[in-house]
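Working notes for the structure below.
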Amino acid sequence: MTELDPKAFLISIFDAAVAAADPERTIRDHLPARPKGRTIVIGAGKGSAQMAAAFEKVWDGPIEGLVVTRYGYGAKCERIEIIEAAHPVPDAAGLEASRRLLEKVRGLTADDLVVALISGGGSALLPSPAAGLTLADEIAVNEALLASGAPIAAMNTIRKHLSTIKGGRLAAAAWPAKVVSLVVSDIPGDNPALVASGPTVPDVGSREDALASIAAYGMKLPAAVMAHINSPAADAPNPDDQRFSRNEVHLIASAGVSLEAAAAEARRRGIEAVILSDAIEGEAREVGGVHAAIAREVATRNRPFQKPVLILSGGETTVTLRAKGKGGRNSEFLLAFAIGTNGVEGVHALAADTDGIDGSEDNAGAFADGSTVSRMRAAGVDAKAMLAGNNAWTAFDAVGDLFVPGPTGTNVNDLRAILIR
């Protein structure tokens, strides 16, 4: 194994995971039948522009449509219009995109088909405040959610009760047209109704559930928001509503499938691989500490796995903001991991978001090994102080260990890959 370049190996694992969620390959396998009437393509998410470009390539028939994605995540389409808007905090461009998407699906007939291309990130990209609320209210809610440490399922249950487009409302607006949703899941557990807060897929999460999460995570939301969510006007459509009776939902890519592809690539390269879980949640630094303990056990005692081995996990951790540093959940996970494996030889790790962006900077994540903390110290950086200040990006930048692949065109959540030689 001396000839193996750990960083190059870990990048190949990331690439294999992303390739397994490639939209052209996955959409081709889930094409709906052509309708008698029009085909309208709509979509939202960080991978939705690439999904739209892929759909154009494989669809045999006339189409028109509109898709919203994050700034810088567009793709070239001939017949589907791509709008870019802000993520992770909504802006006016997203507000206009939501209005136009709702307009696009109104007035359709039972002979028409709506194809919804949904991927993670759509929650922020589709601001559409309920009556009596404003974009500023929705921005305040998003900022509170991002700082709360709440899991994504709780966040999206809250979001859908404050919206005129989420929680199945976009599909309801398209009725009586048939809506076929093609979903790339970035949600632990892969409930398609929670991806992008389910604009076309309703779920059973109630106002009571949303209020319980607001209380449990101590969120301070604007008074107008609390008044709305406490009223029956906030109730979202139920899945058994007749407007959804003809619709179809297809999960076309997920963390589980991508982790299996990553494991297969490792084995092809001669390294045994184990998958801990595709649905790990929790505070990023705490999950990092647990992964570090497992890596130490393997490196020093050859248990519970025999080395050499690649340990993989997926899901979506959360960060409770304690300070205003630069970072993201993957870099924060990895900084805690680096502290926990400081001085341990033969351990190399990559933690990255499969959409190519971790937090607000341009990196997907970072690399770490047993020398990371000492190299940071040599560069004048205190790893523990950086972790305390939510400043993991700055720490990894100081030692040149950020991972910057650029937008990938898909989004199946986080990939954590730990090589133990």
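Letters A, B, ... go to the chains of the structure tokens in the order shown; residues in each chain start at 1; ligands are counted from 1 in the same order.
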Find the spatial neighbours of Met386 (chain A), counting only C-alpha atoms, within a cut-off of 10 Å - ignore same-chain residues fewer than 4 positions away - and output them as a compact mmCIF listing (two decimals) with N, CA, C and O atoms, in the first residue's frame.
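And here's selection15.txt as it stands now:
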# COMPACT_ATOMS: atom_id res chain seq x y z
N GLY A 325 -17.44 32.35 12.69
CA GLY A 325 -16.32 31.94 11.87
C GLY A 325 -16.76 31.43 10.50
O GLY A 325 -17.95 31.35 10.21
N LYS A 326 -15.77 31.10 9.66
CA LYS A 326 -16.07 30.52 8.34
C LYS A 326 -16.01 29.00 8.44
O LYS A 326 -15.08 28.46 9.03
N GLY A 327 -16.98 28.35 7.82
CA GLY A 327 -16.94 26.90 7.85
C GLY A 327 -18.18 26.29 7.27
O GLY A 327 -18.95 26.94 6.56
N GLU A 332 -16.30 21.29 9.80
CA GLU A 332 -16.36 21.25 11.26
C GLU A 332 -16.26 19.80 11.76
O GLU A 332 -15.55 19.52 12.73
N LEU A 335 -12.56 18.86 11.40
CA LEU A 335 -11.65 19.47 12.37
C LEU A 335 -11.74 18.73 13.70
O LEU A 335 -10.72 18.45 14.34
N ALA A 336 -12.95 18.39 14.12
CA ALA A 336 -13.10 17.58 15.34
C ALA A 336 -12.44 16.21 15.16
O ALA A 336 -11.79 15.70 16.09
N VAL A 381 -2.01 28.28 13.82
CA VAL A 381 -3.45 28.06 14.01
C VAL A 381 -3.68 27.07 15.14
O VAL A 381 -3.10 25.98 15.14
N ASP A 382 -4.53 27.42 16.09
CA ASP A 382 -4.90 26.54 17.19
C ASP A 382 -6.19 25.81 16.79
O ASP A 382 -7.27 26.41 16.73
N ASN A 390 -16.30 27.99 15.41
CA ASN A 390 -16.94 27.61 14.12
C ASN A 390 -16.11 28.12 12.95
O ASN A 390 -16.64 28.65 11.98
N ASN A 391 -14.80 27.93 13.02
CA ASN A 391 -13.89 28.53 12.04
C ASN A 391 -13.05 27.47 11.32
O ASN A 391 -11.87 27.67 11.05
N ALA A 392 -13.68 26.34 11.01
CA ALA A 392 -12.94 25.22 10.42
C ALA A 392 -12.37 25.55 9.05
O ALA A 392 -11.28 25.09 8.69
N TRP A 393 -13.09 26.34 8.25
CA TRP A 393 -12.59 26.71 6.92
C TRP A 393 -11.24 27.38 7.04
O TRP A 393 -10.29 27.04 6.32
N THR A 394 -11.12 28.34 7.96
CA THR A 394 -9.87 29.07 8.14
C THR A 394 -8.74 28.13 8.56
O THR A 394 -7.59 28.25 8.10
N ALA A 395 -9.06 27.17 9.42
CA ALA A 395 -8.05 26.23 9.89
C ALA A 395 -7.51 25.37 8.76
O ALA A 395 -6.28 25.22 8.59
N PHE A 396 -8.40 24.81 7.94
CA PHE A 396 -7.94 23.96 6.83
C PHE A 396 -7.30 24.78 5.71
O PHE A 396 -6.38 24.31 5.04
Got a sec: who's within 12 Å of Gly189 (chain A), counting only C-alpha atoms, leaving out chain neighbours fewer than 5 positions off, as a list in words?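 Contacts, in chain order: Pro151, Ile152, Ala153, Leu194, Val195, Leu251, Ser254, Ala255, Gly256, Ser277, Asp278, Ala279, Ile280, Glu281, Gly314, Gly315, Glu316, Val412 and Asn413 of chain A.
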Write out as a Markdown table the residues of region 206-316 of chain A that have any atom within 12 Å of an atom of region 169-177 of chain A, one row each with the nearest atom pair and its distance in Å to one decimal, counting only C-alpha atoms, sorted by chain and then rising number.
| residue | atom | partner | partner_atom | distance |
| --- | --- | --- | --- | --- |
| A:Ala234 | CA | A:Arg169 | CA | 11.7 |
| A:Asp235 | CA | A:Arg169 | CA | 10.8 |
| A:Ala236 | CA | A:Arg169 | CA | 7.5 |
| A:Pro237 | CA | A:Arg169 | CA | 7.0 |
| A:Asn238 | CA | A:Arg169 | CA | 10.1 |
| A:Pro239 | CA | A:Ala172 | CA | 10.5 |
| A:Asp240 | CA | A:Ala172 | CA | 11.8 |
| A:Asp241 | CA | A:Ala172 | CA | 8.9 |
| A:Gln242 | CA | A:Ala172 | CA | 9.3 |
| A:Arg243 | CA | A:Ala172 | CA | 5.8 |
| A:Phe244 | CA | A:Ala172 | CA | 6.9 |
| A:Ser245 | CA | A:Pro176 | CA | 9.7 |
| A:Arg246 | CA | A:Ala177 | CA | 8.5 |
| A:Asn247 | CA | A:Ala171 | CA | 8.6 |
| A:Glu248 | CA | A:Ala171 | CA | 10.8 |
| A:Val249 | CA | A:Ala171 | CA | 11.4 |
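All residues of region 192-320 of chain A that DSSP, run on the backbone, classes as strand (DSSP E or B) are Glu248, Val249, His250, Leu251, Ile252, Ala253, Glu272, Ala273, Val274, Ile275, Ile280, Glu283, Val309, Leu310, Ile311, Leu312, Ser313, Gly314, Gly315 and Thr318 of chain A.
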File of the preceding selection, C-alpha atoms, as a PDB file, in the first residue's frame:
ATOM      1  CA  GLU A 248     -45.933   9.674  -9.048  1.00  0.00           C
ATOM      2  CA  VAL A 249     -42.756  10.124  -7.026  1.00  0.00           C
ATOM      3  CA  HIS A 250     -39.451   8.483  -7.981  1.00  0.00           C
ATOM      4  CA  LEU A 251     -36.297   8.637  -5.847  1.00  0.00           C
ATOM      5  CA  ILE A 252     -33.640   8.631  -8.580  1.00  0.00           C
ATOM      6  CA  ALA A 253     -30.498   9.117  -6.485  1.00  0.00           C
ATOM      7  CA  GLU A 272     -11.908  -3.299   1.764  1.00  0.00           C
ATOM      8  CA  ALA A 273     -14.724  -0.851   2.556  1.00  0.00           C
ATOM      9  CA  VAL A 274     -17.377  -0.681   5.269  1.00  0.00           C
ATOM     10  CA  ILE A 275     -20.428   1.589   5.389  1.00  0.00           C
ATOM     11  CA  ILE A 280     -26.008   9.841  10.317  1.00  0.00           C
ATOM     12  CA  GLU A 283     -23.850  17.848  15.916  1.00  0.00           C
ATOM     13  CA  VAL A 309      -9.930  -0.408   5.306  1.00  0.00           C
ATOM     14  CA  LEU A 310     -12.040   2.488   4.063  1.00  0.00           C
ATOM     15  CA  ILE A 311     -14.764   3.566   6.508  1.00  0.00           C
ATOM     16  CA  LEU A 312     -17.666   5.366   4.809  1.00  0.00           C
ATOM     17  CA  SER A 313     -20.663   7.228   6.148  1.00  0.00           C
ATOM     18  CA  GLY A 314     -23.317   9.601   4.864  1.00  0.00           C
ATOM     19  CA  GLY A 315     -26.226  11.662   6.116  1.00  0.00           C
ATOM     20  CA  THR A 318     -25.748  19.990  11.833  1.00  0.00           C
TER      21      THR A 318
END
From the options A:Val201, A:Val105, A:Ile158, A:Ser12, which residue's atoms come nearest to Ala266 (chain A), counting only C-alpha atoms?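 Using only C-alpha atoms, Ala266 (chain A) sits closest to A:Ser12.
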Counting only C-alpha atoms, the residue among A:Ala398, A:Ala364, A:Leu117, A:Ile83 that lies closest to Ser181 (chain A) is A:Leu117
So which bits of region 118-288 of chain A end up helix (DSSP H, G or I) when you DSSP the backbone, as JSON, numbers by chain? {"A": [122, 123, 124, 125, 135, 136, 137, 138, 139, 140, 141, 142, 143, 144, 145, 146, 147, 148, 152, 153, 154, 155, 156, 157, 158, 159, 160, 169, 170, 171, 172, 173, 174, 192, 193, 194, 195, 196, 197, 207, 208, 209, 210, 211, 212, 213, 214, 215, 216, 223, 224, 225, 226, 227, 228, 229, 232, 233, 234, 242, 243, 244, 255, 256, 257, 258, 259, 260, 261, 262, 263, 264, 265, 266, 267, 268, 284, 285, 286, 287, 288]}
Write out as a list in words which residues come within 8 Å of Gly218 (chain A) when counting only C-alpha atoms, dropping same-chain ones fewer than 3 positions away.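 Once the nearby chain positions are removed, what remains is Ser148, Ile214 and Ala215 of chain A.
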Residue contacts of Glu345 (chain A) (8 Å, only C-alpha atoms) excluding same-chain residues fewer than 6 positions away, as number ranges by chain: A: 299, 369-370
Taking all heavy atoms for each residue, export the selection above as a PDB file, in the first residue's frame.
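As a result, selection_9.pdb now contains:
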ATOM      1  N   ALA A 299      -6.865   1.805  13.847  1.00  0.00           N
ATOM      2  CA  ALA A 299      -5.442   2.074  13.601  1.00  0.00           C
ATOM      3  C   ALA A 299      -4.550   1.441  14.665  1.00  0.00           C
ATOM      4  O   ALA A 299      -3.466   0.927  14.353  1.00  0.00           O
ATOM      5  CB  ALA A 299      -5.200   3.578  13.549  1.00  0.00           C
ATOM      6  N   ASP A 369      -5.423  14.293   8.278  1.00  0.00           N
ATOM      7  CA  ASP A 369      -4.678  13.079   8.643  1.00  0.00           C
ATOM      8  C   ASP A 369      -4.103  13.284  10.045  1.00  0.00           C
ATOM      9  O   ASP A 369      -4.393  14.292  10.697  1.00  0.00           O
ATOM     10  CB  ASP A 369      -3.587  12.761   7.614  1.00  0.00           C
ATOM     11  CG  ASP A 369      -2.568  13.885   7.452  1.00  0.00           C
ATOM     12  OD1 ASP A 369      -2.189  14.507   8.476  1.00  0.00           O
ATOM     13  OD2 ASP A 369      -2.156  14.149   6.317  1.00  0.00           O
ATOM     14  N   GLY A 370      -3.303  12.330  10.492  1.00  0.00           N
ATOM     15  CA  GLY A 370      -2.784  12.401  11.852  1.00  0.00           C
ATOM     16  C   GLY A 370      -1.858  13.569  12.118  1.00  0.00           C
ATOM     17  O   GLY A 370      -1.585  13.897  13.272  1.00  0.00           O
TER      18      GLY A 370
END
